[in-house]
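Enquirer: Take a look at the following structure, please.
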Amino acid sequence: MVGLVAGAVLGVLDGATAWFTPAVRDQIAGILMGSSMKGMLVGLFSGWFATKVQSVPKGVLLGCALGFAFALAGLSSFQNVGEDFTIQNNLRKIAGKHTWKFGYELIRTRYNGTASSLPGGTYNFTGTNAPFTPNTGISLANFLLGTVGSAVYTQDFASWLPRWWPHQAYAQTDWKPFRKLTLNLGVRYSLETGFNTKYGQQSQFDPATRDPSSGLMGAIVHRPGALANTDRNNFAPRVGLAWNFHRAVVFRGSFGVVHQDIFSTGANILFQEYLANATIQSPVGDPRHAFRLSQGPPGFQYQVQPDGSVPFIGTNFAGRGAAWWDPKMRMPYVMSWSGGLQWGFAPNFVLDVTCLGQGGVGMINSWDINAIPLDISRDPAVLNQIFQATQNFRPYRQFGGIRHFSNYGHNTYHGATARVERRMLGGLSFNAFYAWAKTLNEVEGDGGDNGITFYNRRLGKGRSGTDIRHRFVSVMNGELPFGEGRRFMNVKGVANHVLGRWELTWSQTFQSGQPFTVGFAGSPSRYLPGESQPNIVTTHQEAATSNWEIGANRFPTSAQNPYLEFNSFAYPAAFTPGNLGRNTFEGPGLNWTQLSLAKWWRIGERLKFQARVDGNNFFPVRQPNYSNPTATYNTASPLAFGRGFGTRGSFADVGTSNSHILLVGRFQF
């Protein structure tokens, strides 16, 4: 097909001398003889553009690109397809002490998705047939009897087709006002259109609309048009400087803001009631089965609306979800700053000391706004009544979870690094750095979480699960002193080919452990829905075992030394969330060694071969690296708490405990 298109276009080019110069026609012809449609489009556009800018003034450099990408993403059955069309243009102008840069990028993004549906139904055998007693009977008996406790039928009536336009434009200058001072000044503007779909088939929760399924206020509506106003106030400044105030010392500093895409990465969001859902079950409180398989389900029919939506059918409101996109959604942004010194304190030695920080502001998270407040009552009788029928006490009891997408997220990172580098001298070089940092956020989930309570999200603020407080990494590369031109065995021949001119690389990593949260199970008390941690009854220092070692016996688990003291924790009182925070303890640290021995052989003029032996956590001492311990407090199994360590990482993972040696051969030509 591409060949036919190429032949047709080449025929047209012969008579197109009024449109294209011979050079451009030759370029297009060369492109068309290839097999890449993307390359053809890019080449056509670039060739045309290059012809149009042949008279650009001296000192100006133009760059232009046109391309598109196509990808399959999402479900394993490839029910989601994404496309990006990109146009980008950059210009650079050198004028005196300024190097000006300007650019613009336009992206057209399209997603096509189809939700998985089961029109034949999903059957749950969880009820009981006789003697009609609630919470009795077993699932296998119901399955053998063919008595269905509940059934869910789903059918898709539309495709998820979001569309949006991100725009980016920037202007900046590299300005050298003095010989030893360079400034980088710039501003970037970002704009992204609001959430919308191709045919306006989207869902939005509206608290001011009456729900047709229940008659209560709060419903899912299907209105065409963008769900949020376009956020137009997104100017991002950039400032940087390099000041060589001393012969061997340079100060570097920067501050910048980067805006992030608004669109959530989740598939099929804001698309309720296009995947029709019908739930067949007995009324609340009726322990009998819904129907027998031999008789089939009672008849039902989806009420498809003209816009393709289908109202909810059934009484199982706990399983009915909704989503609410904030009409005032803004583009989130990340502020970054840094400042540090670079000092050449000796020939071929450099020391870098840098402080840096980042703050993510208005990051997009979704929270369940249909949550029961923790302070809904202090009366034990009322709280027990709520516990037995939580659905009836939700703010919108005709729904289960209602995910509200808004600029809830905020995270911060602060760190300091020190790095020493010795450039290659006498066959030896090394690079070592130490980082001391702290990362805080309010939820662990990327894009959505429930936390302790929606009504006070800051109760979950704590260390990020990816926070590594201390990290030291060193890499040394050295030529072994054996072989031709080196100190020992300075000979040619077979001995040099086999034993000479090998290089050794040694990488060593030390870092502190990852944070983890202590949970609980088996409590005799009742609690409202939501995340909860146990109470801590000692200090955190007393709760963590000092100078911990796993002990002489890793198995059985109960023989391990405990990482946490069981008696430092207790169950929280009924209907309270506990006083222990999130990620308040830190797991075992990391001690990871890597060695590599390599040598090159030249084969002719253009071909080289390398043999390499890589050892991971193997020499000089094998070091076990443990994962975080089991951290579920349960009085029924005290010997499992703070124990149950696994080893860290997979075969190729950072810090893996698996010792292995790799033999690698590599040709280069």
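A note on labels: chains of the structure tokens are A, B, ... as shown, every chain counts residues from 1, and ligands are counted from 1 in their shown order.
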Can you list every residue in stretch 312-389 of chain A that DSSP puts in helix (DSSP H, G or I), as a PyMOL selection string?
Expert: chain A and resi 317-319+380-388
Enquirer: Identify, on the basis of only C-alpha atoms, every residue whose closest approach to stretch 667-669 of chain A does not exceed 6 Å; exclude the query and any residue fewer than 2 positions from it along the same chain; express the result as a ChimeraX atom specification.
Expert: /A:606-609
Enquirer: Put those residues in a file: all heavy atoms, as a PDB file, in the first residue's frame.
Expert:
ATOM      1  N   ARG A 606      37.570  -2.709  12.168  1.00  0.00           N
ATOM      2  CA  ARG A 606      36.255  -2.186  12.530  1.00  0.00           C
ATOM      3  C   ARG A 606      35.531  -2.999  13.589  1.00  0.00           C
ATOM      4  O   ARG A 606      34.471  -2.591  14.055  1.00  0.00           O
ATOM      5  CB  ARG A 606      35.369  -2.095  11.285  1.00  0.00           C
ATOM      6  CG  ARG A 606      35.905  -1.159  10.223  1.00  0.00           C
ATOM      7  CD  ARG A 606      34.912  -1.041   9.079  1.00  0.00           C
ATOM      8  NE  ARG A 606      35.374  -0.111   8.053  1.00  0.00           N
ATOM      9  CZ  ARG A 606      34.680   0.211   6.961  1.00  0.00           C
ATOM     10  NH1 ARG A 606      33.493  -0.357   6.756  1.00  0.00           N
ATOM     11  NH2 ARG A 606      35.174   1.054   6.094  1.00  0.00           N
ATOM     12  N   LEU A 607      36.042  -4.101  13.970  1.00  0.00           N
ATOM     13  CA  LEU A 607      35.315  -4.989  14.877  1.00  0.00           C
ATOM     14  C   LEU A 607      36.078  -5.134  16.189  1.00  0.00           C
ATOM     15  O   LEU A 607      37.296  -5.337  16.202  1.00  0.00           O
ATOM     16  CB  LEU A 607      35.121  -6.359  14.228  1.00  0.00           C
ATOM     17  CG  LEU A 607      34.342  -7.405  15.042  1.00  0.00           C
ATOM     18  CD1 LEU A 607      32.916  -6.945  15.279  1.00  0.00           C
ATOM     19  CD2 LEU A 607      34.355  -8.753  14.317  1.00  0.00           C
ATOM     20  N   LYS A 608      35.347  -5.010  17.302  1.00  0.00           N
ATOM     21  CA  LYS A 608      35.900  -5.228  18.627  1.00  0.00           C
ATOM     22  C   LYS A 608      34.993  -6.194  19.384  1.00  0.00           C
ATOM     23  O   LYS A 608      33.780  -6.245  19.151  1.00  0.00           O
ATOM     24  CB  LYS A 608      36.014  -3.918  19.410  1.00  0.00           C
ATOM     25  CG  LYS A 608      37.043  -2.964  18.872  1.00  0.00           C
ATOM     26  CD  LYS A 608      37.402  -1.874  19.889  1.00  0.00           C
ATOM     27  CE  LYS A 608      36.205  -1.091  20.352  1.00  0.00           C
ATOM     28  NZ  LYS A 608      36.588  -0.019  21.316  1.00  0.00           N
ATOM     29  N   PHE A 609      35.633  -6.942  20.298  1.00  0.00           N
ATOM     30  CA  PHE A 609      34.875  -7.889  21.119  1.00  0.00           C
ATOM     31  C   PHE A 609      35.239  -7.657  22.582  1.00  0.00           C
ATOM     32  O   PHE A 609      36.411  -7.463  22.930  1.00  0.00           O
ATOM     33  CB  PHE A 609      35.200  -9.328  20.739  1.00  0.00           C
ATOM     34  CG  PHE A 609      34.581 -10.345  21.659  1.00  0.00           C
ATOM     35  CD1 PHE A 609      33.224 -10.632  21.590  1.00  0.00           C
ATOM     36  CD2 PHE A 609      35.346 -11.002  22.614  1.00  0.00           C
ATOM     37  CE1 PHE A 609      32.648 -11.556  22.443  1.00  0.00           C
ATOM     38  CE2 PHE A 609      34.781 -11.926  23.477  1.00  0.00           C
ATOM     39  CZ  PHE A 609      33.423 -12.204  23.388  1.00  0.00           C
TER      40      PHE A 609
END
Enquirer: Considering only C-alpha atoms, return as a PyMOL selection string whatever protein or nucleic-acid residues lie within 9 Å of A:Phe430, sequence-local ones (same chain, fewer than 4 positions apart) excluded.
Expert: chain A and resi 420-424+474-478
Enquirer: Store the residues picked out above in a file with C-alpha atoms, as a PDB file, in the first residue's frame.
Expert:
ATOM      1  CA  VAL A 420      33.508  13.652  44.997  1.00  0.00           C
ATOM      2  CA  GLU A 421      34.866  12.735  41.580  1.00  0.00           C
ATOM      3  CA  ARG A 422      38.363  11.753  40.576  1.00  0.00           C
ATOM      4  CA  ARG A 423      38.810  11.917  36.837  1.00  0.00           C
ATOM      5  CA  MET A 424      40.745   9.153  35.105  1.00  0.00           C
ATOM      6  CA  SER A 474      30.485   4.876  45.048  1.00  0.00           C
ATOM      7  CA  VAL A 475      31.765   3.676  41.675  1.00  0.00           C
ATOM      8  CA  MET A 476      35.442   2.954  41.096  1.00  0.00           C
ATOM      9  CA  ASN A 477      36.939   2.050  37.745  1.00  0.00           C
ATOM     10  CA  GLY A 478      40.545   0.948  37.423  1.00  0.00           C
TER      11      GLY A 478
END
Enquirer: Tell me which protein, DNA and RNA residues are within 10 Å of A:Ser377, counting only C-alpha atoms, leaving out same-chain ones fewer than 4 positions away, and put them as a list in words.
Expert: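 Listed by chain and then number, they are Pro373, Ala381, Val382, Leu383, Ile386 and Phe575 of chain A.
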Enquirer: One decimal, in Å: what's the spacing between atom CA of A:Gln88 and atom CA of A:Gln168?
Expert: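 Atom CA of A:Gln88 sits 9.3 Å away from atom CA of A:Gln168.
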Enquirer: May I have the residues within 9 Å of A:Gly121 as an NGL selection string, using only C-alpha atoms and disregarding those fewer than 5 positions away in the same chain?
Expert: :A and (151-154)
Enquirer: Please provide as a JSON list (two decimals) with all heavy atoms, in the first residue's frame all residues within 12 Å of A:Ser637, with the sequence filter that same-chain residues fewer than 5 positions apart are discarded (counting only C-alpha atoms).
Expert:
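Output (selection06.json):
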[["chain", "number", "residue", "atom", "x", "y", "z"],
["A", 520, "PHE", "N", -3.42, -3.41, 61.85],
["A", 520, "PHE", "CA", -3.88, -4.36, 62.87],
["A", 520, "PHE", "C", -5.01, -5.22, 62.33],
["A", 520, "PHE", "O", -5.67, -4.86, 61.33],
["A", 520, "PHE", "CB", -4.29, -3.64, 64.16],
["A", 520, "PHE", "CG", -5.56, -2.84, 64.05],
["A", 520, "PHE", "CD1", -6.79, -3.42, 64.31],
["A", 520, "PHE", "CD2", -5.52, -1.50, 63.72],
["A", 520, "PHE", "CE1", -7.97, -2.69, 64.23],
["A", 520, "PHE", "CE2", -6.68, -0.75, 63.64],
["A", 520, "PHE", "CZ", -7.91, -1.35, 63.89],
["A", 521, "ALA", "N", -5.24, -6.33, 62.97],
["A", 521, "ALA", "CA", -6.33, -7.25, 62.63],
["A", 521, "ALA", "C", -6.73, -8.00, 63.89],
["A", 521, "ALA", "O", -5.99, -8.04, 64.87],
["A", 521, "ALA", "CB", -5.88, -8.23, 61.54],
["A", 522, "GLY", "N", -7.91, -8.60, 63.85],
["A", 522, "GLY", "CA", -8.36, -9.42, 64.96],
["A", 522, "GLY", "C", -8.86, -8.65, 66.17],
["A", 522, "GLY", "O", -8.99, -9.22, 67.25],
["A", 557, "THR", "N", 9.71, -18.76, 61.18],
["A", 557, "THR", "CA", 9.60, -17.31, 61.34],
["A", 557, "THR", "C", 9.58, -16.90, 62.81],
["A", 557, "THR", "O", 10.17, -15.89, 63.19],
["A", 557, "THR", "CB", 8.31, -16.81, 60.65],
["A", 557, "THR", "OG1", 8.38, -17.13, 59.26],
["A", 557, "THR", "CG2", 8.15, -15.32, 60.81],
["A", 558, "SER", "N", 8.92, -17.68, 63.64],
["A", 558, "SER", "CA", 8.81, -17.33, 65.05],
["A", 558, "SER", "C", 10.16, -17.33, 65.76],
["A", 558, "SER", "O", 10.30, -16.74, 66.84],
["A", 558, "SER", "CB", 7.87, -18.30, 65.76],
["A", 558, "SER", "OG", 8.33, -19.65, 65.62],
["A", 566, "PHE", "N", 6.23, -6.15, 70.27],
["A", 566, "PHE", "CA", 4.79, -6.40, 70.25],
["A", 566, "PHE", "C", 4.07, -5.60, 71.33],
["A", 566, "PHE", "O", 2.98, -5.05, 71.09],
["A", 566, "PHE", "CB", 4.54, -7.90, 70.42],
["A", 566, "PHE", "CG", 3.09, -8.28, 70.34],
["A", 566, "PHE", "CD1", 2.48, -8.46, 69.11],
["A", 566, "PHE", "CD2", 2.33, -8.48, 71.49],
["A", 566, "PHE", "CE1", 1.14, -8.81, 69.03],
["A", 566, "PHE", "CE2", 1.00, -8.83, 71.41],
["A", 566, "PHE", "CZ", 0.40, -9.00, 70.17],
["A", 630, "THR", "N", 6.66, -8.30, 58.49],
["A", 630, "THR", "CA", 5.20, -8.34, 58.64],
["A", 630, "THR", "C", 4.81, -7.36, 59.74],
["A", 630, "THR", "O", 5.35, -7.41, 60.85],
["A", 630, "THR", "CB", 4.75, -9.75, 59.01],
["A", 630, "THR", "OG1", 5.15, -10.65, 57.98],
["A", 630, "THR", "CG2", 3.24, -9.81, 59.19],
["A", 631, "ALA", "N", 3.89, -6.46, 59.43],
["A", 631, "ALA", "CA", 3.60, -5.37, 60.37],
["A", 631, "ALA", "C", 2.12, -5.27, 60.66],
["A", 631, "ALA", "O", 1.55, -4.17, 60.72],
["A", 631, "ALA", "CB", 4.13, -4.05, 59.81],
["A", 632, "THR", "N", 1.45, -6.41, 60.83],
["A", 632, "THR", "CA", 0.04, -6.44, 61.20],
["A", 632, "THR", "C", -0.07, -6.91, 62.64],
["A", 632, "THR", "O", 0.20, -8.08, 62.95],
["A", 632, "THR", "CB", -0.76, -7.36, 60.28],
["A", 632, "THR", "OG1", -0.63, -6.91, 58.93],
["A", 632, "THR", "CG2", -2.23, -7.37, 60.66],
["A", 642, "GLY", "N", 6.28, -8.27, 63.39],
["A", 642, "GLY", "CA", 7.65, -7.78, 63.33],
["A", 642, "GLY", "C", 8.63, -8.81, 62.85],
["A", 642, "GLY", "O", 9.85, -8.64, 63.02],
["A", 643, "ARG", "N", 8.15, -9.88, 62.23],
["A", 643, "ARG", "CA", 9.03, -10.93, 61.71],
["A", 643, "ARG", "C", 8.60, -11.22, 60.27],
["A", 643, "ARG", "O", 8.03, -10.37, 59.63],
["A", 643, "ARG", "CB", 8.92, -12.18, 62.59],
["A", 643, "ARG", "CG", 9.40, -11.98, 64.04],
["A", 643, "ARG", "CD", 9.09, -13.22, 64.86],
["A", 643, "ARG", "NE", 9.66, -13.19, 66.20],
["A", 643, "ARG", "CZ", 9.08, -12.62, 67.26],
["A", 643, "ARG", "NH1", 7.90, -12.03, 67.14],
["A", 643, "ARG", "NH2", 9.67, -12.65, 68.44]]
Enquirer: Tell me, counting only C-alpha atoms, for each residue of stretch 140-252 of chain A within 12 Å of stretch 286-309 of chain A, which pair of atoms is nearest and how far apart they are in Å to one decimal, in rows ordered by chain and increasing number, as a Markdown table.
Expert:
| residue | atom | partner | partner_atom | distance |
| --- | --- | --- | --- | --- |
| A:Asn142 | CA | A:His289 | CA | 8.8 |
| A:Phe143 | CA | A:Leu293 | CA | 9.4 |
| A:Leu144 | CA | A:Leu293 | CA | 10.3 |
| A:Leu145 | CA | A:Arg292 | CA | 8.1 |
| A:Gly146 | CA | A:Leu293 | CA | 5.2 |
| A:Thr147 | CA | A:Arg292 | CA | 4.6 |
| A:Val148 | CA | A:Phe291 | CA | 5.6 |
| A:Gly149 | CA | A:His289 | CA | 4.8 |
| A:Ser150 | CA | A:Ala290 | CA | 6.0 |
| A:Ala151 | CA | A:Ala290 | CA | 8.2 |
| A:Val152 | CA | A:Pro297 | CA | 10.5 |
| A:Tyr153 | CA | A:Phe300 | CA | 10.1 |
| A:Thr154 | CA | A:Tyr302 | CA | 9.9 |
| A:Gln155 | CA | A:Tyr302 | CA | 9.0 |
| A:Asp156 | CA | A:Ser309 | CA | 9.4 |
| A:Phe157 | CA | A:Gly308 | CA | 6.1 |
| A:Ala158 | CA | A:Gly308 | CA | 6.4 |
| A:Ser159 | CA | A:Gly308 | CA | 9.8 |
| A:Trp160 | CA | A:Gly308 | CA | 11.6 |
| A:Tyr199 | CA | A:Asp307 | CA | 9.0 |
| A:Gly200 | CA | A:Asp307 | CA | 8.6 |
| A:Gln201 | CA | A:Asp307 | CA | 7.1 |
| A:Gln202 | CA | A:Ser309 | CA | 8.9 |
| A:Ser203 | CA | A:Ser309 | CA | 9.0 |
| A:Pro212 | CA | A:Gln303 | CA | 12.0 |
| A:Ser213 | CA | A:Gln303 | CA | 11.6 |
| A:Ile220 | CA | A:Ser309 | CA | 10.2 |
| A:Val221 | CA | A:Ser309 | CA | 9.4 |
| A:His222 | CA | A:Ser309 | CA | 7.6 |
| A:Arg223 | CA | A:Asp307 | CA | 9.3 |
| A:Pro224 | CA | A:Asp307 | CA | 9.6 |
Enquirer: Would you export the selected residues with C-alpha atoms as a CSV table (one decimal), in the first residue's frame, please?
Expert:
chain,number,residue,atom,x,y,z
A,142,ASN,CA,-25.7,-23.1,47.3
A,143,PHE,CA,-23.7,-23.9,44.2
A,144,LEU,CA,-24.8,-27.5,44.3
A,145,LEU,CA,-28.4,-26.5,44.9
A,146,GLY,CA,-28.2,-23.9,42.1
A,147,THR,CA,-29.5,-21.2,44.4
A,148,VAL,CA,-28.0,-17.8,43.4
A,149,GLY,CA,-27.5,-15.3,46.2
A,150,SER,CA,-27.0,-12.4,43.8
A,151,ALA,CA,-26.1,-11.9,40.1
A,152,VAL,CA,-24.6,-8.9,38.2
A,153,TYR,CA,-25.1,-8.3,34.5
A,154,THR,CA,-23.1,-5.8,32.5
A,155,GLN,CA,-23.4,-4.6,28.9
A,156,ASP,CA,-21.5,-1.7,27.2
A,157,PHE,CA,-23.4,0.7,25.1
A,158,ALA,CA,-20.7,3.2,24.2
A,159,SER,CA,-16.9,3.6,23.9
A,160,TRP,CA,-14.8,5.9,26.0
A,199,TYR,CA,-19.6,12.6,21.3
A,200,GLY,CA,-20.1,14.1,24.8
A,201,GLN,CA,-20.7,10.7,26.3
A,202,GLN,CA,-19.3,11.2,29.8
A,203,SER,CA,-20.6,11.1,33.4
A,212,PRO,CA,-34.2,8.6,39.1
A,213,SER,CA,-33.3,5.2,40.6
A,220,ILE,CA,-25.2,10.9,37.7
A,221,VAL,CA,-25.8,13.3,34.8
A,222,HIS,CA,-24.6,13.1,31.1
A,223,ARG,CA,-24.0,16.5,29.8
A,224,PRO,CA,-21.9,17.2,26.7
Enquirer: Excluding A:Pro332 and any residue of its chain fewer than 3 positions from it, enumerate the residues within 8 Å of it, using only C-alpha atoms, and give them as an MDAnalysis selection string.
Expert: chainID A and resid 259:262 360:364 407
Enquirer: According to DSSP computed on the backbone, where in stretch 148-350 of chain A is there strand (DSSP E)? Give the residues as a ChimeraX atom specification.
Expert: /A:148,150-156,163-164,166-178,181-192,204-210,217-221,235-246,249-259,275-281,291-292,322-325,333-346,349-350
Enquirer: What is the atom CA of A:Ala640 to atom CA of A:Trp592 distance in Å?
Expert: 27.4 Å
Enquirer: Calculate how many Å separate atom CA of A:Gly103 from atom CA of A:Thr182, rounding to one decimal.
Expert: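 Taking atom CA of A:Gly103 as the start and atom CA of A:Thr182 as the end point, the length is 21.4 Å.
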Enquirer: In terms of the shortest atom-to-atom distance over only C-alpha atoms, which of A:Trp243, A:Trp325, A:Phe645, A:Phe516 is closest to A:Phe555?
Expert: A:Phe645
Enquirer: With only C-alpha atoms as the atoms that count, which of A:Trp337, A:Phe510, A:Phe387, A:Tyr527 lies nearest to A:Val654?
Expert: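 Using only C-alpha atoms, the shortest distance to A:Val654 belongs to A:Phe510.
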Enquirer: Give the answer as one residue: which of A:Val473, A:Asn431, A:His414, A:Ala636 has the shortest atom-to-atom distance to A:Pro524, using only C-alpha atoms?
Expert: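 So, comparing all the options, the nearest one is A:Ala636.
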Enquirer: List every residue of stretch 171-225 of chain A that has an atom at most 12 Å from any atom of stretch 246-251 of chain A, and for each one report the closest atom pair and its distance in Å to one decimal, counting only C-alpha atoms, with rows sorted by chain and then by increasing residue number, as JSON lines.
Expert:
{"residue": "A:Lys180", "atom": "CA", "partner": "A:His246", "partner_atom": "CA", "distance": 9.1}
{"residue": "A:Leu181", "atom": "CA", "partner": "A:Val250", "partner_atom": "CA", "distance": 9.6}
{"residue": "A:Thr182", "atom": "CA", "partner": "A:Phe251", "partner_atom": "CA", "distance": 10.6}
{"residue": "A:Leu183", "atom": "CA", "partner": "A:Phe251", "partner_atom": "CA", "distance": 11.8}
Enquirer: For each of A:Asp231, A:Glu549, A:Glu542, A:Glu479, take the minimum atom-to-atom distance to A:Lys599, counting only C-alpha atoms, then give the residue where this is smallest.
Expert: A:Glu479
Enquirer: Counting only C-alpha atoms, figure out which residue out of A:Ile313, A:Leu140, A:Leu425, A:Met329 gets nearest to A:Ala228.
Expert: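 When distances to A:Ala228 are compared using only C-alpha atoms, the smallest one comes from A:Met329.
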Enquirer: With only C-alpha atoms as the basis for distance, which of A:Asp352, A:Asp211, A:Asp375, A:Asp326 is at the shortest distance from A:Phe312?
Expert: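 Counting only C-alpha atoms, the residue closest to A:Phe312 is A:Asp211.
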